[in-house]
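Peer 1: Have a peek at run15.cif (mmCIF, C-alpha atoms).
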data_input
#
loop_
_atom_site.group_PDB
_atom_site.id
_atom_site.type_symbol
_atom_site.label_atom_id
_atom_site.label_comp_id
_atom_site.auth_asym_id
_atom_site.auth_seq_id
_atom_site.Cartn_x
_atom_site.Cartn_y
_atom_site.Cartn_z
ATOM 1 C CA MET A 833 0.000 0.000 0.000
ATOM 2 C CA TRP A 834 3.006 2.310 0.486
ATOM 3 C CA PHE A 835 3.636 2.297 -3.266
ATOM 4 C CA LEU A 836 -0.012 3.048 -4.089
ATOM 5 C CA LYS A 837 -0.097 6.013 -1.711
ATOM 6 C CA HIS A 838 3.085 7.497 -3.160
ATOM 7 C CA PHE A 839 2.007 6.805 -6.743
ATOM 8 C CA ALA A 840 -1.279 8.632 -6.102
ATOM 9 C CA GLU A 841 0.567 11.542 -4.471
ATOM 10 C CA TRP A 842 2.952 11.725 -7.441
ATOM 11 C CA LEU A 843 0.024 11.841 -9.884
ATOM 12 C CA ALA A 844 -1.771 14.512 -7.860
ATOM 13 C CA HIS A 845 1.333 16.592 -6.993
ATOM 14 C CA ARG A 846 0.047 16.745 -3.416
ATOM 15 C CA LYS A 847 0.237 14.859 -0.147
ATOM 16 C CA ILE A 848 -2.704 12.551 0.458
ATOM 17 C CA PRO A 849 -3.066 11.547 4.125
ATOM 18 C CA ASP A 850 -5.012 8.348 3.357
ATOM 19 C CA ILE A 851 -5.952 7.348 -0.182
ATOM 20 C CA ASN A 852 -8.691 4.870 0.774
ATOM 21 C CA SER A 853 -10.350 6.073 3.947
ATOM 22 C CA GLY A 854 -11.047 9.109 6.049
ATOM 23 C CA LEU A 855 -13.399 12.024 5.763
ATOM 24 C CA ARG A 856 -12.948 14.446 2.879
ATOM 25 C CA VAL A 857 -14.691 17.739 2.358
ATOM 26 C CA PHE A 858 -15.156 19.315 -1.064
ATOM 27 C CA ARG A 859 -17.724 21.321 -2.973
ATOM 28 C CA SER A 860 -20.649 19.345 -4.388
ATOM 29 C CA ASP A 861 -20.647 21.330 -7.647
ATOM 30 C CA ALA A 862 -17.063 20.166 -8.237
ATOM 31 C CA VAL A 863 -18.040 16.551 -7.565
ATOM 32 C CA ALA A 864 -20.868 16.875 -10.086
ATOM 33 C CA ARG A 865 -18.274 17.515 -12.794
ATOM 34 C CA PHE A 866 -16.817 14.013 -12.255
ATOM 35 C CA ILE A 867 -20.012 12.081 -11.559
ATOM 36 C CA ARG A 868 -19.857 10.157 -14.849
ATOM 37 C CA ILE A 869 -16.543 8.482 -13.957
ATOM 38 C CA LEU A 870 -17.229 7.734 -10.300
ATOM 39 C CA PRO A 871 -17.780 4.095 -9.306
ATOM 40 C CA ASP A 872 -20.485 3.093 -6.847
ATOM 41 C CA THR A 873 -18.163 0.868 -4.825
ATOM 42 C CA PHE A 874 -15.702 1.621 -2.019
ATOM 43 C CA SER A 875 -13.258 2.953 -4.631
ATOM 44 C CA PHE A 876 -15.418 6.076 -4.945
ATOM 45 C CA THR A 877 -13.235 7.731 -2.301
ATOM 46 C CA THR A 878 -9.993 7.082 -4.168
ATOM 47 C CA THR A 879 -11.403 8.138 -7.532
ATOM 48 C CA ILE A 880 -12.977 11.403 -6.388
ATOM 49 C CA THR A 881 -9.877 12.335 -4.376
ATOM 50 C CA LEU A 882 -7.563 11.847 -7.363
ATOM 51 C CA ALA A 883 -9.994 13.481 -9.789
ATOM 52 C CA MET A 884 -10.313 16.550 -7.577
ATOM 53 C CA LEU A 885 -6.589 16.888 -6.834
ATOM 54 C CA THR A 886 -5.368 16.328 -10.413
ATOM 55 C CA ASN A 887 -7.771 19.015 -11.596
ATOM 56 C CA GLY A 888 -6.648 21.649 -9.103
ATOM 57 C CA TYR A 889 -9.566 21.482 -6.686
ATOM 58 C CA THR A 890 -9.138 21.765 -2.943
ATOM 59 C CA VAL A 891 -9.771 18.698 -0.818
ATOM 60 C CA HIS A 892 -9.933 19.165 2.939
ATOM 61 C CA TYR A 893 -9.148 16.124 5.078
ATOM 62 C CA GLU A 894 -10.971 15.921 8.378
ATOM 63 C CA PRO A 895 -9.238 13.711 10.975
ATOM 64 C CA VAL A 896 -11.130 10.548 11.896
ATOM 65 C CA ASP A 897 -10.572 8.316 14.924
ATOM 66 C CA TYR A 898 -10.216 4.636 14.125
ATOM 67 C CA TYR A 899 -11.127 1.925 16.587
ATOM 68 C CA LYS A 900 -10.325 -1.757 16.602
ATOM 69 C CA ARG A 901 -12.585 -3.565 14.174
ATOM 70 C CA VAL A 902 -15.347 -5.700 15.585
ATOM 71 C CA GLY A 903 -16.106 -8.633 13.320
ATOM 72 C CA LYS A 904 -14.404 -9.759 10.139
ATOM 73 C CA SER A 905 -13.077 -7.470 7.421
ATOM 74 C CA LYS A 906 -14.518 -7.789 3.919
ATOM 75 C CA ILE A 907 -11.245 -6.633 2.349
ATOM 76 C CA ARG A 908 -9.305 -9.214 0.327
ATOM 77 C CA PRO A 909 -5.689 -7.969 0.430
ATOM 78 C CA VAL A 910 -4.378 -9.175 -2.947
ATOM 79 C CA ARG A 911 -7.500 -8.638 -5.042
ATOM 80 C CA ASP A 912 -8.371 -5.284 -3.498
ATOM 81 C CA THR A 913 -4.783 -3.990 -3.699
ATOM 82 C CA LEU A 914 -4.648 -4.871 -7.399
ATOM 83 C CA GLY A 915 -8.041 -3.232 -7.885
ATOM 84 C CA ILE A 916 -6.919 -0.011 -6.188
ATOM 85 C CA ALA A 917 -3.691 -0.016 -8.234
ATOM 86 C CA GLN A 918 -5.740 -0.359 -11.423
ATOM 87 C CA LEU A 919 -8.082 2.410 -10.294
ATOM 88 C CA ILE A 920 -5.223 4.810 -9.495
ATOM 89 C CA LEU A 921 -3.562 4.036 -12.826
ATOM 90 C CA ARG A 922 -6.824 4.496 -14.765
ATOM 91 C CA THR A 923 -7.637 7.770 -13.004
ATOM 92 C CA GLY A 924 -4.072 8.962 -13.572
ATOM 93 C CA MET A 925 -4.290 8.092 -17.271
ATOM 94 C CA TYR A 926 -7.545 10.019 -17.485
ATOM 95 C CA PHE A 927 -6.448 13.199 -15.683
ATOM 96 C CA ALA A 928 -2.612 13.150 -15.764
ATOM 97 C CA PRO A 929 -1.601 11.084 -18.817
ATOM 98 C CA LEU A 930 1.819 12.683 -19.179
ATOM 99 C CA ARG A 931 2.754 11.655 -15.624
ATOM 100 C CA VAL A 932 1.740 8.053 -16.380
ATOM 101 C CA PHE A 933 3.107 7.475 -19.884
ATOM 102 C CA PHE A 934 6.221 9.659 -20.035
ATOM 103 C CA PRO A 935 8.177 7.771 -17.327
ATOM 104 C CA VAL A 936 7.485 4.536 -19.209
ATOM 105 C CA ALA A 937 8.748 6.174 -22.403
ATOM 106 C CA LEU A 938 11.882 7.283 -20.536
ATOM 107 C CA LEU A 939 12.373 3.749 -19.251
ATOM 108 C CA PHE A 940 12.223 2.380 -22.806
ATOM 109 C CA GLY A 941 14.524 5.205 -23.934
ATOM 110 C CA GLY A 942 17.044 4.238 -21.257
ATOM 111 C CA GLY A 943 16.785 0.620 -22.376
ATOM 112 C CA PHE A 944 17.441 1.770 -25.928
ATOM 113 C CA LEU A 945 20.588 3.664 -24.891
ATOM 114 C CA VAL A 946 21.940 0.692 -22.922
ATOM 115 C CA SER A 947 21.163 -1.676 -25.781
ATOM 116 C CA LEU A 948 22.706 0.709 -28.312
ATOM 117 C CA ALA A 949 25.888 1.018 -26.256
ATOM 118 C CA PHE A 950 26.111 -2.772 -25.961
ATOM 119 C CA ASP A 951 25.507 -3.209 -29.704
ATOM 120 C CA VAL A 952 28.136 -0.639 -30.660
ATOM 121 C CA CYS A 953 30.827 -1.557 -28.110
ATOM 122 C CA VAL A 954 30.447 -5.345 -27.840
ATOM 123 C CA ARG A 955 28.574 -6.715 -30.841
ATOM 124 C CA ARG A 956 29.700 -4.114 -33.372
ATOM 125 C CA ASP A 957 26.293 -4.518 -34.989
ATOM 126 C CA LEU A 958 22.839 -3.003 -34.518
ATOM 127 C CA THR A 959 20.253 -5.526 -33.284
ATOM 128 C CA GLU A 960 16.511 -5.630 -33.735
ATOM 129 C CA ALA A 961 16.012 -5.301 -29.973
ATOM 130 C CA THR A 962 17.718 -1.910 -30.022
ATOM 131 C CA LEU A 963 15.509 -0.707 -32.856
ATOM 132 C CA VAL A 964 12.360 -2.014 -31.150
ATOM 133 C CA LEU A 965 13.308 -0.118 -27.972
ATOM 134 C CA LEU A 966 13.888 3.055 -29.992
ATOM 135 C CA VAL A 967 10.521 2.772 -31.742
ATOM 136 C CA ALA A 968 8.709 1.884 -28.486
ATOM 137 C CA SER A 969 10.196 4.814 -26.580
ATOM 138 C CA THR A 970 9.431 7.229 -29.411
ATOM 139 C CA GLN A 971 5.848 6.016 -29.774
ATOM 140 C CA LEU A 972 5.205 6.081 -26.022
ATOM 141 C CA GLY A 973 6.652 9.577 -25.783
ATOM 142 C CA MET A 974 4.487 10.834 -28.641
ATOM 143 C CA PHE A 975 1.446 9.074 -27.186
ATOM 144 C CA ALA A 976 2.108 10.726 -23.814
ATOM 145 C CA LEU A 977 2.306 14.166 -25.407
ATOM 146 C CA LEU A 978 -0.802 13.579 -27.516
ATOM 147 C CA ALA A 979 -2.808 12.307 -24.525
ATOM 148 C CA ASP A 980 -1.715 15.329 -22.504
ATOM 149 C CA MET A 981 -2.745 17.724 -25.291
ATOM 150 C CA ILE A 982 -6.170 16.051 -25.553
ATOM 151 C CA ASP A 983 -6.576 16.272 -21.776
ATOM 152 C CA LYS A 984 -5.683 19.970 -21.750
ATOM 153 C CA ARG A 985 -8.024 20.780 -24.647
ATOM 154 C CA SER A 986 -10.966 18.939 -23.091
ATOM 155 C CA ARG A 987 -10.795 21.010 -19.888
#
Here is a file; write its structure as structure tokens.

Peer 2:
Amino acid sequence: MWFLKHFAEWLAHRKIPDINSGLRVFRSDAVARFIRILPDTFSFTTTITLAMLTNGYTVHYEPVDYYKRVGKSKIRPVRDTLGIAQLILRTGMYFAPLRVFFPVALLFGGGFLVSLAFDVCVRRDLTEATLVLLVASTQLGMFALLADMIDKRSR
């Protein structure tokens, strides 16, 4: 869960005290703007928090006291963690596509540079893997920029 919290904070450019629980306060007219993408499950909290923060809205966090649970939790750790990760990624792709896709493009670009250096220095030949990494990094970078432009125009 540490990774999910920090990934969400990186997408939103803000600290998020608790991504899944707690009491949040925001304007209802702002929530109405995102109503079409909000799920009707427990992930509503995560989605609306990220949607609000990535779009520059203010979210106030009201402290909540937690007590020891009575009964059995309905949370399934592996399935629910994967679901929250998917939700954060999907919301990030929707509202902050450049922050999602550009690091992946940079990763492929770094792989291309390493592969190119190996091809030139060791193999003395250019391999298909190097070319595939170049094309993948270029396409991902262009896709990231295009998705960001579409996002900015649709606001």

Peer 1: Nearest to Phe927 of chain A: which of A:Arg985, A:Arg956, A:Arg911, A:Lys906 is it, counting only C-alpha atoms?

Peer 2: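 The closest residue to Phe927 of chain A is A:Arg985.
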
Peer 1: List the residues matched by the PyMOL selection byres ((chain A and resi 842-856) around 8) in the displayed structure as a PyMOL selection string, ordered by chain and then by residue number.

Peer 2: chain A and resi 837-841+857-858+875+877-878+881-882+885-886+891-896+924+928+931-932

Peer 1: Restrict the selected residues to C-alpha atoms and save them as a PDB file, keeping the file's coordinate frame.

Peer 2:
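File again.pdb, as written:
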ATOM      1  CA  LYS A 837      -0.097   6.013  -1.711  1.00  0.00           C
ATOM      2  CA  HIS A 838       3.085   7.497  -3.160  1.00  0.00           C
ATOM      3  CA  PHE A 839       2.007   6.805  -6.743  1.00  0.00           C
ATOM      4  CA  ALA A 840      -1.279   8.632  -6.102  1.00  0.00           C
ATOM      5  CA  GLU A 841       0.567  11.542  -4.471  1.00  0.00           C
ATOM      6  CA  VAL A 857     -14.691  17.739   2.358  1.00  0.00           C
ATOM      7  CA  PHE A 858     -15.156  19.315  -1.064  1.00  0.00           C
ATOM      8  CA  SER A 875     -13.258   2.953  -4.631  1.00  0.00           C
ATOM      9  CA  THR A 877     -13.235   7.731  -2.301  1.00  0.00           C
ATOM     10  CA  THR A 878      -9.993   7.082  -4.168  1.00  0.00           C
ATOM     11  CA  THR A 881      -9.877  12.335  -4.376  1.00  0.00           C
ATOM     12  CA  LEU A 882      -7.563  11.847  -7.363  1.00  0.00           C
ATOM     13  CA  LEU A 885      -6.589  16.888  -6.834  1.00  0.00           C
ATOM     14  CA  THR A 886      -5.368  16.328 -10.413  1.00  0.00           C
ATOM     15  CA  VAL A 891      -9.771  18.698  -0.818  1.00  0.00           C
ATOM     16  CA  HIS A 892      -9.933  19.165   2.939  1.00  0.00           C
ATOM     17  CA  TYR A 893      -9.148  16.124   5.078  1.00  0.00           C
ATOM     18  CA  GLU A 894     -10.971  15.921   8.378  1.00  0.00           C
ATOM     19  CA  PRO A 895      -9.238  13.711  10.975  1.00  0.00           C
ATOM     20  CA  VAL A 896     -11.130  10.548  11.896  1.00  0.00           C
ATOM     21  CA  GLY A 924      -4.072   8.962 -13.572  1.00  0.00           C
ATOM     22  CA  ALA A 928      -2.612  13.150 -15.764  1.00  0.00           C
ATOM     23  CA  ARG A 931       2.754  11.655 -15.624  1.00  0.00           C
ATOM     24  CA  VAL A 932       1.740   8.053 -16.380  1.00  0.00           C
TER      25      VAL A 932
END

Peer 1: Determine the residue set returned by the PyMOL selection byres ((chain A and resi 863-870) around 8) for the present structure, and present it as an mmCIF file with C-alpha atoms, keeping the file's coordinate frame.

Peer 2:
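This is the output file part-v7.cif:
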data_model
loop_
_atom_site.group_PDB
_atom_site.id
_atom_site.type_symbol
_atom_site.label_atom_id
_atom_site.label_comp_id
_atom_site.auth_asym_id
_atom_site.auth_seq_id
_atom_site.Cartn_x
_atom_site.Cartn_y
_atom_site.Cartn_z
ATOM 1 C CA PHE A 858 -15.156 19.315 -1.064
ATOM 2 C CA ARG A 859 -17.724 21.321 -2.973
ATOM 3 C CA SER A 860 -20.649 19.345 -4.388
ATOM 4 C CA ASP A 861 -20.647 21.330 -7.647
ATOM 5 C CA ALA A 862 -17.063 20.166 -8.237
ATOM 6 C CA PRO A 871 -17.780 4.095 -9.306
ATOM 7 C CA ASP A 872 -20.485 3.093 -6.847
ATOM 8 C CA PHE A 876 -15.418 6.076 -4.945
ATOM 9 C CA THR A 879 -11.403 8.138 -7.532
ATOM 10 C CA ILE A 880 -12.977 11.403 -6.388
ATOM 11 C CA ALA A 883 -9.994 13.481 -9.789
ATOM 12 C CA MET A 884 -10.313 16.550 -7.577
#

Peer 1: Apply the PyMOL selection byres ((chain A and resi 947) around 12) to the displayed file and report the matching residues as a ChimeraX atom specification.

Peer 2: /A:940-946,948-966

Peer 1: Go ahead and compute the interatomic distance for atom CA of Tyr898 of chain A and atom CA of Phe835 of chain A, in Å to one decimal.

Peer 2: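 Straight-line distance from atom CA of Tyr898 of chain A to atom CA of Phe835 of chain A works out to 22.4 Å.
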
Peer 1: How far is it from atom CA of Tyr926 of chain A to atom CA of Ala976 of chain A, in Å with one decimal?

Peer 2: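 That distance, rounded to one decimal, is 11.6 Å.
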
Peer 1: Between atom CA of Phe933 of chain A and atom CA of Thr970 of chain A, what distance in Å does the model show, to one decimal?

Peer 2: 11.4 Å

Peer 1: Once 3 Å is added on each side, what are the centre and the three edge lengths, in Å to one decimal, of the axis-aligned box enclosing the listed atoms of segment 926-931 of chain A? Present them as lines of an AutoDock Vina configuration file.

Peer 2:
center_x = -2.4
center_y = 11.6
center_z = -17.4
size_x = 16.3
size_y = 9.2
size_z = 9.6
